[in-house]
Amino acid sequence: MVVAKKYVIQKHRSGLLQPEDVKIVEEELPELKEGEFLAQAHFISIDPYIQYLIHDEEKHPVGSTIPGTQIALIYDSKNPKFPIGKYIYGNFGMRTYTIGPLKDDDPYGMPPQYILPDFNSYPYSYGLGILGMPGITANKGFLGLCKPQPGETVVVTTAAGAVGSVVGQIAKIKGCRVVGIAGSDEKGKWLVDVLGFDKFINYKRPDFAKKLKDAAPDGIDCYFDNVGGEISSIILSQMNKFGRISVSGSISAHNVESGEEPKASIVQRHLVLRQLKMEGFMVTRWRDEWFEIINQNLQWLREGKLKYKEHIVCGFDNFPKAVVDLMTGANTGKVILNVMG
Ligand SMILES: NC(=O)C1=CN([C@@H]2O[C@H](COP(=O)(O)OP(=O)(O)OC[C@H]3O[C@@H](n4cnc5c(N)ncnc54)[C@H](OP(=O)(O)O)[C@@H]3O)[C@@H](O)[C@H]2O)C=CC1
Ligand SMILES: CCCCCC(=O)/C=C/[C@@H]1[C@@H](C/C=C\CCCC(=O)O)[C@@H](O)C[C@H]1O
């Protein structure tokens, strides 16, 4: 008999997740039936929406399992499509063992599970980052919506994170000038010295608007927005005519202690006067191209055109710490919970 551990919500709050907001519950799993498999979690993806959902009492009541994705090993199987020993991606939630296959019924259209494509020698955990959902978000969210042209100026926020770091590098591949925005000078050094960004601005320091003007003196053509809030309003105020804005997220509003969404200056004037195009997206809109995009990112990785970093937190018990690391910016690169570590 296998006992699975899973994280359930214990308490809702408006601020940053605290260890007592979640608890581990054990669950005895039944014997496998024909057509089923048993997956053992190895790596769990820590994503900003996890922090967001602990605010949402209605959709995620006390006692509900925390959603999320993982890379798992097929540990036992009565389904030839999921053979023992293969590694899979699964939308299984924050749990150590899962019986699959899951139905294809995610409310946001995330795939339920798939056998990982061949990553050559890259770690399986990359399937939660550059070779998975965040990598697809960066690739299509930027190229598909911003349609960057060589020589254009691109700005990206959360630039040293899983999505932002890939957006900036793809912009460089496409011949753009790239300004990365992030929350520490150390991150800035990595972006410029290692990833090849042209400029970096630490948004936590004063005079952001002036520094942005200095970093992008000819104005901004494309903005990949991961944060929302006042930083984004300032960036929009410096866009060029016919600029494109891809809205990926609003992390500045995820863990505010007050419970009130941050206030930001109105942006409609800039949209109208500069004739900007601003579009939000969910990465699942590209589900039909999922593996094609993973392959494109893999090819750029192999060619050395994309560099990638993980921020690994070890141990299933350290899930709350991993979320806090992500939300406080302790990470450079993709945050992964190594369940076996
Ligand atoms: N639309 C979609 O389908 C998807 C959207 N996303 C979005 O992409 C964005 C990045 O996600 P991901 O790459 O996984 O996460 P990251 O790896 O970028 O980690 C989050 C980062 O956000 C920054 N941050 C935290 N609080 C704030 C704040 N108040 N203001 C500005 N920055 C802050 C921190 O870096 P710093 O040190 O710079 O503050 C932190 O490292 C998120 O907004 C997420 O919701 C992700 C996947 C799919
Ligand atoms: C404000 C939350 C979403 C911000 C953008 C983002 O990170 C999107 C990620 C999705 C992810 C799940 C999306 C939302 C979960 C919200 C929590 C909830 O209340 O259920 C995944 O399903 C695919 C990405 O597009």
# chains A, B, ... in the order shown; residues from 1 in each chain; ligands from 1
>>> closest_atom_pairs(of="chain A", to="ligand 2", cutoff="10 Å", atoms="only C-alpha atoms and all ligand atoms", output="CSV")
residue,atom,partner,partner_atom_place_in_ligand_line,distance
A:Asp47,CA,ligand 2,7 (O),7.0
A:Pro48,CA,ligand 2,7 (O),5.7
A:Tyr49,CA,ligand 2,2 (C),4.7
A:Ile50,CA,ligand 2,17 (C),6.6
A:Gln51,CA,ligand 2,17 (C),8.4
A:Tyr52,CA,ligand 2,2 (C),5.9
A:Leu53,CA,ligand 2,17 (C),4.5
A:Ile54,CA,ligand 2,19 (O),8.1
A:His55,CA,ligand 2,19 (O),8.3
A:Asp56,CA,ligand 2,19 (O),6.2
A:Glu57,CA,ligand 2,19 (O),9.0
A:Glu58,CA,ligand 2,19 (O),8.8
A:Lys59,CA,ligand 2,19 (O),6.0
A:His60,CA,ligand 2,19 (O),7.0
A:Ile66,CA,ligand 2,20 (O),9.4
A:Pro67,CA,ligand 2,20 (O),7.8
A:Gly68,CA,ligand 2,22 (O),8.1
A:Thr69,CA,ligand 2,21 (C),8.9
A:Asn91,CA,ligand 2,22 (O),8.8
A:Asp106,CA,ligand 2,22 (O),7.4
A:Pro107,CA,ligand 2,22 (O),7.4
A:Tyr108,CA,ligand 2,22 (O),4.9
A:Gly109,CA,ligand 2,22 (O),6.6
A:Met110,CA,ligand 2,22 (O),5.3
A:Pro111,CA,ligand 2,22 (O),8.9
A:Met133,CA,ligand 2,23 (C),7.3
A:Pro134,CA,ligand 2,24 (C),8.4
A:Ile136,CA,ligand 2,25 (O),9.8
A:Thr137,CA,ligand 2,25 (O),7.7
A:Asn226,CA,ligand 2,5 (C),8.2
A:Val227,CA,ligand 2,4 (C),9.5
A:Val247,CA,ligand 2,5 (C),8.8
A:Ser248,CA,ligand 2,5 (C),5.9
A:Gly249,CA,ligand 2,5 (C),4.3
A:Ser250,CA,ligand 2,4 (C),6.2
A:Ile251,CA,ligand 2,4 (C),7.3
A:Ala253,CA,ligand 2,1 (C),8.3
A:His254,CA,ligand 2,1 (C),7.2
A:Gly280,CA,ligand 2,5 (C),9.2
A:Phe281,CA,ligand 2,25 (O),7.5
A:Met282,CA,ligand 2,25 (O),4.1
A:Val283,CA,ligand 2,25 (O),4.4
A:Thr284,CA,ligand 2,25 (O),5.5
A:Arg285,CA,ligand 2,25 (O),8.2
A:Trp286,CA,ligand 2,25 (O),9.9
>>> write_last_selection(atoms="C-alpha atoms", output="short mmCIF file (atom, residue, chain, number, x, y, z; two decimals), in the first residue's frame")
data_model
loop_
_atom_site.label_atom_id
_atom_site.label_comp_id
_atom_site.auth_asym_id
_atom_site.auth_seq_id
_atom_site.Cartn_x
_atom_site.Cartn_y
_atom_site.Cartn_z
CA ASP A 47 4.77 29.30 -9.56
CA PRO A 48 3.42 32.76 -8.65
CA TYR A 49 -0.23 31.66 -9.05
CA ILE A 50 0.21 29.46 -5.93
CA GLN A 51 0.58 32.56 -3.76
CA TYR A 52 -2.38 34.14 -5.51
CA LEU A 53 -4.72 31.23 -4.88
CA ILE A 54 -4.33 31.32 -1.10
CA HIS A 55 -6.28 34.60 -1.25
CA ASP A 56 -9.17 32.90 -2.96
CA GLU A 57 -11.39 31.28 -0.37
CA GLU A 58 -14.20 30.60 -2.81
CA LYS A 59 -12.28 28.64 -5.45
CA HIS A 60 -9.78 27.08 -3.02
CA ILE A 66 -3.03 22.99 -3.56
CA PRO A 67 -2.88 22.82 -7.36
CA GLY A 68 0.39 22.62 -9.23
CA THR A 69 2.52 20.73 -11.68
CA ASN A 91 -0.81 18.54 -13.35
CA ASP A 106 -8.10 21.67 -16.05
CA PRO A 107 -10.11 24.94 -15.85
CA TYR A 108 -7.26 26.84 -17.53
CA GLY A 109 -6.52 24.16 -20.13
CA MET A 110 -3.21 22.89 -18.73
CA PRO A 111 -2.36 19.42 -20.08
CA MET A 133 5.05 25.93 -19.20
CA PRO A 134 7.24 28.95 -18.23
CA ILE A 136 6.38 28.41 -23.54
CA THR A 137 5.00 31.48 -21.76
CA ASN A 226 5.00 40.31 -15.47
CA VAL A 227 4.29 42.73 -12.62
CA VAL A 247 0.58 41.14 -20.31
CA SER A 248 1.73 37.92 -18.69
CA GLY A 249 1.05 38.55 -14.99
CA SER A 250 0.64 41.00 -12.15
CA ILE A 251 2.88 39.67 -9.40
CA ALA A 253 -0.55 42.36 -6.54
CA HIS A 254 -0.07 38.75 -5.33
CA GLY A 280 -3.13 39.60 -21.99
CA PHE A 281 -2.72 35.87 -22.47
CA MET A 282 -2.80 32.48 -20.81
CA VAL A 283 -0.03 30.16 -21.99
CA THR A 284 -2.58 27.40 -22.60
CA ARG A 285 -3.76 29.21 -25.74
CA TRP A 286 -0.71 27.59 -27.40
#
>>> atom_distance(atom1="atom CA of A:Ser258", atom2="atom 33 (C, counted along the ligand's line) of ligand 1")
16.2 Å
>>> residues_around(residues="stretch 198-203 of chain A", least_positions_apart="4", cutoff="10 Å", atoms="only C-alpha atoms", output="ChimeraX atom specification")
/A:153,155-159,168,172,176-193,207-209,211-212,214-216,231
>>> write_last_selection(atoms="C-alpha atoms", output="mmCIF file, in the first residue's frame")
data_model
loop_
_atom_site.group_PDB
_atom_site.id
_atom_site.type_symbol
_atom_site.label_atom_id
_atom_site.label_comp_id
_atom_site.auth_asym_id
_atom_site.auth_seq_id
_atom_site.Cartn_x
_atom_site.Cartn_y
_atom_site.Cartn_z
ATOM 1 C CA THR A 153 13.957 48.201 -27.624
ATOM 2 C CA VAL A 155 11.689 45.919 -21.632
ATOM 3 C CA VAL A 156 10.931 42.910 -19.436
ATOM 4 C CA THR A 157 9.991 42.813 -15.734
ATOM 5 C CA THR A 158 10.836 39.984 -13.270
ATOM 6 C CA ALA A 159 13.760 39.772 -15.676
ATOM 7 C CA GLY A 168 15.086 38.796 -22.517
ATOM 8 C CA LYS A 172 18.501 39.230 -27.909
ATOM 9 C CA CYS A 176 16.634 43.612 -30.028
ATOM 10 C CA ARG A 177 18.073 45.918 -27.407
ATOM 11 C CA VAL A 178 16.970 44.583 -24.010
ATOM 12 C CA VAL A 179 16.394 46.347 -20.699
ATOM 13 C CA GLY A 180 15.735 44.015 -17.752
ATOM 14 C CA ILE A 181 13.960 45.140 -14.572
ATOM 15 C CA ALA A 182 14.480 43.175 -11.338
ATOM 16 C CA GLY A 183 14.820 43.635 -7.595
ATOM 17 C CA SER A 184 18.546 43.304 -6.817
ATOM 18 C CA ASP A 185 21.858 44.465 -8.245
ATOM 19 C CA GLU A 186 23.166 40.891 -8.059
ATOM 20 C CA LYS A 187 20.377 39.815 -10.418
ATOM 21 C CA GLY A 188 21.315 42.721 -12.680
ATOM 22 C CA LYS A 189 24.903 41.524 -12.866
ATOM 23 C CA TRP A 190 23.731 38.059 -13.944
ATOM 24 C CA LEU A 191 21.402 39.538 -16.575
ATOM 25 C CA VAL A 192 24.056 41.768 -18.141
ATOM 26 C CA ASP A 193 27.275 39.769 -17.638
ATOM 27 C CA ASP A 207 14.308 57.439 -9.718
ATOM 28 C CA PHE A 208 12.977 54.499 -11.720
ATOM 29 C CA ALA A 209 11.431 56.716 -14.428
ATOM 30 C CA LYS A 211 16.772 55.478 -15.045
ATOM 31 C CA LEU A 212 14.400 53.964 -17.578
ATOM 32 C CA ASP A 214 18.530 56.738 -19.590
ATOM 33 C CA ALA A 215 18.441 53.002 -20.353
ATOM 34 C CA ALA A 216 15.988 53.398 -23.262
ATOM 35 C CA ILE A 231 6.312 50.133 -12.486
#
>>> select_by_dssp(residues="stretch 156-229 of chain A", states="strand (DSSP E)", output="list in words")
Val156, Arg177, Val178, Val179, Gly180, Ile181, Ala182, Lys199, Phe200, Ile201, Asn202, Ile220, Asp221, Cys222, Tyr223, Phe224 and Asp225 of chain A
>>> select_by_dssp(residues="stretch 203-290 of chain A", states="helix (DSSP H, G or I)", output="short mmCIF file (atom, residue, chain, number, x, y, z; two decimals) with N, CA and C atoms, in the first residue's frame")
data_model
loop_
_atom_site.label_atom_id
_atom_site.label_comp_id
_atom_site.auth_asym_id
_atom_site.auth_seq_id
_atom_site.Cartn_x
_atom_site.Cartn_y
_atom_site.Cartn_z
N PHE A 208 13.17 55.53 -10.69
CA PHE A 208 12.98 54.50 -11.72
C PHE A 208 12.71 55.12 -13.10
N ALA A 209 11.82 56.14 -13.12
CA ALA A 209 11.43 56.72 -14.43
C ALA A 209 12.64 57.32 -15.14
N LYS A 210 13.49 58.00 -14.37
CA LYS A 210 14.66 58.64 -14.99
C LYS A 210 15.66 57.58 -15.48
N LYS A 211 15.84 56.55 -14.65
CA LYS A 211 16.77 55.48 -15.05
C LYS A 211 16.28 54.76 -16.30
N LEU A 212 14.96 54.63 -16.40
CA LEU A 212 14.40 53.96 -17.58
C LEU A 212 14.66 54.82 -18.82
N LYS A 213 14.49 56.12 -18.67
CA LYS A 213 14.74 57.05 -19.79
C LYS A 213 16.20 56.95 -20.24
N ASP A 214 17.09 56.85 -19.25
CA ASP A 214 18.53 56.74 -19.59
C ASP A 214 18.84 55.40 -20.28
N ALA A 215 18.16 54.34 -19.80
CA ALA A 215 18.44 53.00 -20.35
C ALA A 215 17.81 52.81 -21.73
N GLY A 229 1.00 47.15 -11.77
CA GLY A 229 1.32 48.20 -10.78
C GLY A 229 2.00 49.42 -11.39
N GLU A 230 2.57 50.25 -10.50
CA GLU A 230 3.12 51.54 -10.92
C GLU A 230 4.33 51.39 -11.85
N ILE A 231 5.15 50.34 -11.61
CA ILE A 231 6.31 50.13 -12.49
C ILE A 231 5.83 50.00 -13.93
N SER A 232 4.77 49.23 -14.13
CA SER A 232 4.25 49.03 -15.49
C SER A 232 3.67 50.33 -16.05
N SER A 233 3.00 51.11 -15.19
CA SER A 233 2.44 52.38 -15.69
C SER A 233 3.57 53.30 -16.17
N ILE A 234 4.67 53.32 -15.43
CA ILE A 234 5.81 54.18 -15.84
C ILE A 234 6.39 53.67 -17.16
N ILE A 235 6.51 52.36 -17.29
CA ILE A 235 7.06 51.80 -18.53
C ILE A 235 6.15 52.17 -19.71
N LEU A 236 4.84 52.04 -19.51
CA LEU A 236 3.90 52.38 -20.59
C LEU A 236 4.01 53.86 -21.00
N ILE A 251 2.37 40.19 -10.68
CA ILE A 251 2.88 39.67 -9.40
C ILE A 251 2.94 40.75 -8.32
N SER A 252 2.97 42.03 -8.71
CA SER A 252 3.03 43.08 -7.68
C SER A 252 1.76 43.07 -6.83
N ALA A 253 0.72 42.39 -7.30
CA ALA A 253 -0.55 42.36 -6.54
C ALA A 253 -0.78 41.02 -5.84
N GLN A 268 -4.53 54.62 -19.81
CA GLN A 268 -5.29 54.73 -21.07
C GLN A 268 -4.79 55.87 -21.96
N ARG A 269 -4.35 56.97 -21.32
CA ARG A 269 -3.86 58.11 -22.11
C ARG A 269 -2.67 57.67 -22.99
N HIS A 270 -1.78 56.89 -22.40
CA HIS A 270 -0.60 56.43 -23.17
C HIS A 270 -1.05 55.48 -24.29
N LEU A 271 -2.01 54.61 -23.95
CA LEU A 271 -2.49 53.66 -24.96
C LEU A 271 -3.07 54.41 -26.16
N VAL A 272 -3.82 55.48 -25.88
CA VAL A 272 -4.47 56.21 -26.96
C VAL A 272 -3.45 57.06 -27.73
N LEU A 273 -2.72 57.93 -27.00
CA LEU A 273 -1.84 58.88 -27.69
C LEU A 273 -0.73 58.17 -28.46
N VAL A 283 -0.94 30.97 -21.17
CA VAL A 283 -0.03 30.16 -21.99
C VAL A 283 -0.76 29.00 -22.66
N THR A 284 -1.86 28.56 -22.07
CA THR A 284 -2.58 27.40 -22.60
C THR A 284 -3.20 27.68 -23.97
N ARG A 285 -3.22 28.95 -24.40
CA ARG A 285 -3.76 29.21 -25.74
C ARG A 285 -2.88 28.56 -26.81
N TRP A 286 -1.63 28.22 -26.44
CA TRP A 286 -0.71 27.59 -27.40
C TRP A 286 -0.56 26.09 -27.15
N ARG A 287 -1.57 25.49 -26.55
CA ARG A 287 -1.44 24.06 -26.22
C ARG A 287 -1.21 23.19 -27.45
N ASP A 288 -1.77 23.57 -28.58
CA ASP A 288 -1.58 22.76 -29.80
C ASP A 288 -0.14 22.80 -30.29
N GLU A 289 0.60 23.83 -29.87
CA GLU A 289 2.00 23.97 -30.34
C GLU A 289 2.99 23.63 -29.24
N TRP A 290 2.51 23.13 -28.11
CA TRP A 290 3.30 22.93 -26.88
C TRP A 290 4.67 22.31 -27.15
#
>>> residues_around(residues="stretch 114-128 of chain A", least_positions_apart="2", cutoff="10 Å", atoms="only C-alpha atoms", output="compact mmCIF listing (two decimals) with N, CA and C atoms, in the first residue's frame")
# COMPACT_ATOMS: atom_id res chain seq x y z
N HIS A 42 9.02 13.81 -8.27
CA HIS A 42 10.46 14.10 -8.04
C HIS A 42 10.70 15.60 -7.93
N PHE A 43 10.09 16.36 -8.84
CA PHE A 43 10.26 17.82 -8.82
C PHE A 43 8.89 18.49 -8.90
N ILE A 44 8.71 19.52 -8.08
CA ILE A 44 7.44 20.26 -8.09
C ILE A 44 7.73 21.71 -8.50
N SER A 45 6.87 22.24 -9.37
CA SER A 45 7.05 23.61 -9.86
C SER A 45 6.45 24.60 -8.86
N ILE A 46 7.22 25.61 -8.52
CA ILE A 46 6.71 26.66 -7.62
C ILE A 46 6.46 27.90 -8.49
N ASP A 47 5.18 28.23 -8.64
CA ASP A 47 4.77 29.30 -9.56
C ASP A 47 4.02 30.40 -8.81
N THR A 69 2.01 21.70 -10.70
CA THR A 69 2.52 20.73 -11.68
C THR A 69 3.82 20.11 -11.17
N GLN A 70 4.13 18.95 -11.71
CA GLN A 70 5.32 18.24 -11.23
C GLN A 70 5.93 17.35 -12.32
N ILE A 71 7.17 16.97 -12.08
CA ILE A 71 7.80 15.92 -12.88
C ILE A 71 7.84 14.70 -11.98
N ALA A 72 7.30 13.58 -12.49
CA ALA A 72 7.17 12.38 -11.68
C ALA A 72 7.72 11.18 -12.43
N LEU A 73 8.09 10.16 -11.64
CA LEU A 73 8.54 8.89 -12.21
C LEU A 73 7.37 7.92 -12.20
N ILE A 74 7.17 7.21 -13.29
CA ILE A 74 6.13 6.17 -13.29
C ILE A 74 6.68 5.00 -12.46
N LYS A 81 0.71 2.85 -22.13
CA LYS A 81 1.10 4.19 -22.62
C LYS A 81 1.94 4.93 -21.59
N PHE A 82 1.93 4.45 -20.35
CA PHE A 82 2.72 5.08 -19.27
C PHE A 82 3.57 4.00 -18.60
N PRO A 83 4.67 3.56 -19.26
CA PRO A 83 5.44 2.44 -18.75
C PRO A 83 6.28 2.79 -17.51
N LYS A 86 9.48 5.58 -16.84
CA LYS A 86 9.46 6.83 -17.65
C LYS A 86 9.19 8.03 -16.74
N TYR A 87 9.70 9.19 -17.15
CA TYR A 87 9.40 10.43 -16.42
C TYR A 87 8.29 11.17 -17.14
N ILE A 88 7.35 11.68 -16.34
CA ILE A 88 6.24 12.42 -16.93
C ILE A 88 6.09 13.78 -16.26
N TYR A 89 5.47 14.68 -17.03
CA TYR A 89 4.95 15.92 -16.46
C TYR A 89 3.53 15.61 -16.03
N GLY A 90 3.09 16.13 -14.88
CA GLY A 90 1.70 15.93 -14.47
C GLY A 90 1.14 17.14 -13.74
N ASN A 91 -0.11 17.43 -14.03
CA ASN A 91 -0.81 18.54 -13.35
C ASN A 91 -1.50 17.95 -12.12
N PRO A 101 -4.24 7.84 -15.26
CA PRO A 101 -4.19 9.16 -15.85
C PRO A 101 -5.33 10.07 -15.38
N PRO A 111 -2.31 20.85 -19.78
CA PRO A 111 -2.36 19.42 -20.08
C PRO A 111 -2.36 18.61 -18.78
N PRO A 112 -3.13 17.49 -18.72
CA PRO A 112 -3.18 16.71 -17.48
C PRO A 112 -1.86 15.99 -17.19
N ILE A 130 12.24 26.03 -18.48
CA ILE A 130 12.49 26.45 -19.87
C ILE A 130 11.94 25.45 -20.90
N LEU A 131 11.86 24.17 -20.53
CA LEU A 131 11.33 23.16 -21.45
C LEU A 131 9.92 22.74 -21.01
N GLY A 132 9.18 23.71 -20.51
CA GLY A 132 7.81 23.45 -20.06
C GLY A 132 7.02 24.74 -20.07
N MET A 133 6.02 24.81 -19.19
CA MET A 133 5.05 25.93 -19.20
C MET A 133 5.71 27.31 -19.18
N PRO A 134 6.66 27.60 -18.24
CA PRO A 134 7.24 28.95 -18.23
C PRO A 134 8.04 29.28 -19.51
N GLY A 135 8.70 28.27 -20.07
CA GLY A 135 9.46 28.49 -21.31
C GLY A 135 8.53 28.81 -22.48
N ALA A 162 12.04 32.86 -13.95
CA ALA A 162 11.90 31.76 -14.91
C ALA A 162 11.43 32.26 -16.27
N PHE A 291 4.68 21.16 -27.83
CA PHE A 291 5.94 20.40 -27.99
C PHE A 291 6.86 21.05 -29.03
N ILE A 294 8.60 23.77 -27.06
CA ILE A 294 9.61 23.16 -26.18
C ILE A 294 10.85 22.83 -27.02
N ASN A 295 10.61 22.28 -28.20
CA ASN A 295 11.71 21.90 -29.08
C ASN A 295 12.54 23.10 -29.52
N LEU A 298 14.62 24.09 -26.63
CA LEU A 298 15.68 23.09 -26.45
C LEU A 298 16.81 23.33 -27.45
N GLN A 299 16.41 23.63 -28.68
CA GLN A 299 17.43 23.88 -29.72
C GLN A 299 18.29 25.10 -29.34
N LEU A 301 18.81 26.23 -26.37
CA LEU A 301 19.65 25.84 -25.21
C LEU A 301 20.91 25.12 -25.71
N ARG A 302 20.67 24.15 -26.61
CA ARG A 302 21.79 23.34 -27.12
C ARG A 302 22.79 24.18 -27.88
N TYR A 308 20.23 29.08 -18.62
CA TYR A 308 19.12 28.77 -17.73
C TYR A 308 19.64 28.42 -16.35
N LYS A 309 18.90 28.87 -15.36
CA LYS A 309 19.31 28.64 -13.97
C LYS A 309 18.09 28.18 -13.17
N GLU A 310 18.34 27.32 -12.16
CA GLU A 310 17.25 26.89 -11.26
C GLU A 310 17.59 27.30 -9.84
N ILE A 312 16.81 25.75 -6.47
CA ILE A 312 16.23 24.49 -5.98
C ILE A 312 16.11 24.49 -4.46
N LYS A 334 14.37 29.69 -12.21
CA LYS A 334 13.13 28.95 -11.92
C LYS A 334 13.16 28.28 -10.54
N VAL A 335 12.11 28.48 -9.74
CA VAL A 335 12.04 27.84 -8.42
C VAL A 335 11.45 26.44 -8.55
N ILE A 336 12.22 25.48 -8.04
CA ILE A 336 11.85 24.06 -8.11
C ILE A 336 11.94 23.47 -6.70
N LEU A 337 10.93 22.69 -6.34
CA LEU A 337 11.00 21.94 -5.09
C LEU A 337 11.46 20.52 -5.44
N ASN A 338 12.63 20.15 -4.93
CA ASN A 338 13.16 18.81 -5.18
C ASN A 338 12.64 17.88 -4.09
>>> atom_distance(atom1="atom 21 (C, counted along the ligand's line) of ligand 1", atom2="atom CA of A:Phe92")
23.3 Å
>>> atom_distance(atom1="atom CA of A:Asn79", atom2="atom CA of A:Ile24")
29.1 Å
>>> residues_around(residues="A:Val25", least_positions_apart="6", cutoff="7 Å", atoms="only C-alpha atoms", output="ChimeraX atom specification")
/A:5-8
